[in-house]
Amino acid sequence: MDTLATPSLHTPTLDRVAGPADLRRLSDAELGRLSDELRAELIDAVSQTGGHLGSSLGVVEMTVAIHAVFDTPRDKLIWDVGHQCYPHKILTGRRDRIRTIRQEGGLSGFTKRAESEFDPFGAAHSSTSISSALGFAVGHDMGQATGDAIAVIGDGAISAGMAYEAMNNAGHEGRRLFVILNDNEMSIAPPTGAMSAYLSGLYGNTPLGPLKDMAESWESTLPGPLRDGARRARQLVTGMPGGGTLFEELGFSYMGPIDGHDMGQLLKVFRAARSRASGPVLIHCCTVKGKGYAPAENSADKYHGVAKFDVASGAQKKSKPAAPSYTAVFGDALTEAAAADPRVVAVTAAMPSGTGVDRMQKRFPARVFDVGMAEQHAVTFAAGMAASGLRPFCAIYSTFLQRAYDQVVHDVAIQRLPVRFAIDRAGLVGADGPTHAGSFDIGYLANLPGFTVMAAADEAELKHMVATAALFDEGPIAFRYPRGSGTGVALPERGETLEIGKGRILREGTGVALLSFGAHLDQVLIAADRLEAAGITATVADARFAKPLDTDLIDRLVAEHGALITVEQGATGGFGALVLHHLAASGRLDRGLAVRTLTLPDRFIDHASPDAMYRAAGLDANGIAEAAFAAVGGGKVTALRA
């Protein structure tokens with residue numbers, strides 16, 4: 001049960017809030033002061049941990065107003081993606097742990113059902129909030145113990161197909177549902193602010209139905225600058241200039257635009273909507289990403305994802321990496337490929353800088369296509385370009401490519417179209433946790449007929465794989481690589497074309513064969529050193545390809561060693577399974593061969609540093625060495641500990 005502490009003249013308002021129930025006892029003026037304190041608390045906390053600051057700063061007032069008006073947790077508040085949920089966590093009993101966010105054993109950087117009753121639906125991928133909120137609305141209408149459903153979705157996330165599918169269904173159902181559009185693409189200029197202030201007054205005294213006609217009638221009488229600003233705001237969500245909004249066409253009552261930082265407007269509109277709505281309502285709130293912290297507001301990325309920083313200056317405390325990031329190496333290699341071949345184009349789904357294609361975009365802007373948060377469209381769009389004779393690179397994080405799997409199968413693989421999939425963030429990614437881990441792409445791509453699947457062992461290999469993919473026209477091809485810095489190997493001036501389906505041997509030994517697929521090769525080499533110190537020499541090979549599999553290399557390793565260990569940064573059912581399938585089909589498992597396939601375990605691994613996550617998975621150098629030591633009957637594995 002939330003309790004309200006006894007206030008004193010000097011007690012900060014935030015200190016009087018143990019949970020959302022306390023907000024409902026505060027005056028509107030106190031809620032405004034609370035927002036200022038909450039923003040300061042948020043800046044201080046994230047300065048110590050890093051995280052998603054800009055998006056959270058942009059929803060401070062909105063978060064306070066929602067919890068003050070709606071009856072959470074009985075009413076279900078669902079944050080789309082969840083990057084912006086930090087203020088929500090502070091207000092819902094997690095303030096004492098906010099400085100553990102995204103840290104090992106600490107709070108998740110996203111909403112998480114297992115963490116709090118105030119997180120009714122976990123989210124970290126975009127455009128799921130309206131669908132899940134509609135599910136709660138149906139549950140309410142069918143007698144479940146749940147109140148209203150409120151979805152908060154950004155202007156980027158609402159552009160994705162799934163959001164439109166959900167709105168179409170919600171409009172058809174006609175059930176009571178609240179969708180709050182957090183539009184941080186447009187600042188609140190005086191003209192728009194004037195109109196939203198006028199409209200918020202209407203909302204306090206007018207039924208929802210006539211508001212659209214009244215707003216449009218009043219808008220037409222405004223002076224030029226005011227009228228233009230008002231129309232510009234409304235046209236963000238309009239079907240045609242001057243027409244009804246798309247949301248109204250889909251069956252929603254539309255309210256807005258309103259200033260998402262004006263507590264008075266927010267409270268009036270939310271209270272009016274809650275007291276009068278009988279069907280689905282969309283409330284359009286215009287906000288400023290990074291609001292209230294000048295370094296964030298003035299930064300190009302609005303401090304979307306920030307390292308630890310100095311509050312006074314805003315300077316981030318980033319350590320200089322010893323090697324370039326895989327993403328940067330890919331971006332440069334892609335740009336080189338584009339310079340050599342005018343048919344090379346790139347597609348990204350709202351992540352030009354995250355995937356590195358912004359490097360190509362600066363040089364060849366007409367050949368880079370950012371389709372927004374629409375991975376399904378991105379894949380089929382790339383397939384169409386491939387069918388036209390272009391050479392598209394589709395650059396999408398592993399976890400986000402999952403959202404387009406049907407398109408990968410139906411629109412690319414079946415038609416054997418040469419789309420090049422650049423799969424960033426392969427493997428475990430650290431602070432973003434299991435929602436962003438690239439655990440499954442090896443299995444879900446390598447099981448498709450005609451697909452070529454590669455994994456880069458280091459940044460030099462990544463350059464070779466970009467060059468190989470650029471010239472490969474026989475069908476779809478994919479190459480995966482991890483987040484973060486490379487290993488520091490010398491980079492070739494230009495990438496070389498690899499022989500399809502052929503790996504390489506890096507070290508010869510006799511005791512055990514270690515076959516690595518992907519960027520864990522450095523850990524495999526360290527494991528080989530530890531085995532040698534224990535008296536066991538290891539052959540170390542880099543498979544390069546999961547498909548087509550280098551069966552000649554595998555057969556040689558099996559013929560010359562009594563034990564084979566495969567290592568990959570992926571889930572069970574991936575590279576190791578393909579190796580086992582070949583060994584079983586060729587009868588080599590009947591010869592007393594000891595085989596171990598080291599993969600991610602059959603569980604989702606919570607956020608921590610990547611090193612800690614791989615250690616928990618048994619995939620650090622010690623874990624690899626111990627598995628190999630045990631496979632050859634080496635006795636106590638503790639002898640291998642570094």
# chains A, B, ... in the order shown; residues from 1 in each chain; ligands from 1
>>> select_by_dssp(residues="range 347-438 of chain A", states="helix (DSSP H, G or I)", output="PyMOL selection string")
chain A and resi 352-355+358-363+365-367+375-388+398-413+433-436
>>> residues_around(residues="Glu508 in chain A", least_positions_apart="2", cutoff="9 Å", atoms="only C-alpha atoms", output="ChimeraX atom specification")
/A:505-506,510,513,537-541
>>> residues_around(residues="Leu498 in chain A", least_positions_apart="5", cutoff="10 Å", atoms="only C-alpha atoms", output="PyMOL selection string")
chain A and resi 461+464-469+503+544
>>> residues_around(residues="Arg97 in chain A", least_positions_apart="4", cutoff="10 Å", atoms="only C-alpha atoms", output="list in words")
Ala45, Lys89, Ile90, Gly93, Ile101, Gly106 and Leu107 of chain A
>>> atom_distance(atom1="CA of Asp36 in chain A", atom2="CA of Ile180 in chain A")
21.5 Å
>>> closest_residue(among="A:Leu282, A:Ile423, A:Leu91, A:Leu462", to="Phe178 in chain A", atoms="only C-alpha atoms")
A:Leu282
>>> residues_around(residues="range 171-173 of chain A", least_positions_apart="6", cutoff="10 Å", atoms="only C-alpha atoms", output="list in words")
Leu134, Val138, Phe247, Glu248, Glu249, Leu250, Gly251, Phe252, Ser253, Gly279, Pro280 and Val281 of chain A
>>> write_last_selection(atoms="N, CA and C atoms", output="compact mmCIF listing (two decimals), in the first residue's frame")
# COMPACT_ATOMS: atom_id res chain seq x y z
N LEU A 134 -4.71 -3.06 -26.36
CA LEU A 134 -6.02 -3.54 -26.80
C LEU A 134 -6.33 -4.89 -26.17
N VAL A 138 -9.67 -5.71 -23.95
CA VAL A 138 -10.57 -6.85 -24.13
C VAL A 138 -10.69 -7.63 -22.83
N PHE A 247 -6.19 8.89 -37.53
CA PHE A 247 -6.72 8.18 -36.37
C PHE A 247 -8.24 8.26 -36.32
N GLU A 248 -8.78 9.40 -36.70
CA GLU A 248 -10.23 9.53 -36.74
C GLU A 248 -10.82 8.63 -37.82
N GLU A 249 -10.11 8.51 -38.93
CA GLU A 249 -10.58 7.61 -39.98
C GLU A 249 -10.58 6.16 -39.49
N LEU A 250 -9.66 5.85 -38.58
CA LEU A 250 -9.58 4.49 -38.04
C LEU A 250 -10.51 4.27 -36.86
N GLY A 251 -11.25 5.29 -36.44
CA GLY A 251 -12.23 5.12 -35.38
C GLY A 251 -11.84 5.70 -34.04
N PHE A 252 -10.72 6.42 -33.97
CA PHE A 252 -10.28 7.03 -32.72
C PHE A 252 -10.83 8.46 -32.61
N SER A 253 -11.08 8.89 -31.39
CA SER A 253 -11.29 10.31 -31.12
C SER A 253 -9.91 10.93 -30.96
N GLY A 279 -14.87 5.05 -26.30
CA GLY A 279 -14.18 4.25 -27.29
C GLY A 279 -12.71 4.60 -27.30
N PRO A 280 -11.99 4.26 -28.37
CA PRO A 280 -10.55 4.54 -28.43
C PRO A 280 -10.27 6.03 -28.63
N VAL A 281 -9.27 6.53 -27.90
CA VAL A 281 -8.90 7.94 -27.95
C VAL A 281 -7.41 8.05 -28.22
>>> residues_around(residues="range 559-564 of chain A", least_positions_apart="6", cutoff="7 Å", atoms="only C-alpha atoms", output="PyMOL selection string")
chain A and resi 510-514+593-596+631-632
>>> closest_residue(among="A:Ala546, A:Met385, A:Met373, A:Ala346", to="Ala422 in chain A", atoms="only C-alpha atoms")
A:Ala346
>>> select_by_dssp(residues="range 231-334 of chain A", states="strand (DSSP E)", output="count of residues only")
14
>>> atom_distance(atom1="CA of Leu57 in chain A", atom2="CA of Ser275 in chain A")
28.0 Å
>>> residues_around(residues="His261 in chain A", least_positions_apart="3", cutoff="8 Å", atoms="only C-alpha atoms", output="NGL selection string")
:A and (59-62 or 266 or 287)
>>> write_last_selection(atoms="N, CA and C atoms", output="short mmCIF file (atom, residue, chain, number, x, y, z; two decimals), in the first residue's frame")
data_model
loop_
_atom_site.label_atom_id
_atom_site.label_comp_id
_atom_site.auth_asym_id
_atom_site.auth_seq_id
_atom_site.Cartn_x
_atom_site.Cartn_y
_atom_site.Cartn_z
N VAL A 59 9.64 12.90 -21.42
CA VAL A 59 8.32 12.45 -20.96
C VAL A 59 8.12 12.66 -19.47
N VAL A 60 8.92 13.50 -18.85
CA VAL A 60 8.81 13.68 -17.39
C VAL A 60 7.41 14.17 -17.00
N GLU A 61 6.98 15.29 -17.57
CA GLU A 61 5.66 15.82 -17.22
C GLU A 61 4.55 14.85 -17.61
N MET A 62 4.68 14.23 -18.76
CA MET A 62 3.68 13.27 -19.21
C MET A 62 3.56 12.10 -18.23
N LEU A 266 -1.78 19.03 -19.80
CA LEU A 266 -1.79 17.57 -19.71
C LEU A 266 -2.87 17.08 -18.76
N THR A 287 6.46 16.98 -27.58
CA THR A 287 7.48 17.08 -26.54
C THR A 287 8.83 17.39 -27.16
#
>>> closest_atom_pairs(of="range 438-490 of chain A", to="range 598-608 of chain A", cutoff="12 Å", atoms="only C-alpha atoms", output="tab-separated table")
residue	atom	partner	partner_atom	distance
A:Gly438	CA	A:Leu600	CA	10.7
A:Ser439	CA	A:Leu600	CA	7.6
A:Phe440	CA	A:Leu600	CA	9.7
A:Ile442	CA	A:Thr599	CA	11.1
A:Gly443	CA	A:Thr599	CA	11.5
>>> closest_residue(among="A:Ala333, A:Ala374, A:Ile66, A:Ala157", to="Arg274 in chain A", atoms="only C-alpha atoms")
A:Ile66
>>> atom_distance(atom1="CA of Ala431 in chain A", atom2="CA of Asp310 in chain A")
20.3 Å
>>> closest_residue(among="A:Val579, A:Ala490, A:Ile500, A:Ala29", to="Leu557 in chain A", atoms="only C-alpha atoms")
A:Val579
>>> closest_residue(among="A:Leu53, A:Ala68, A:Ala133, A:Ala312", to="Gly109 in chain A", atoms="only C-alpha atoms")
A:Leu53
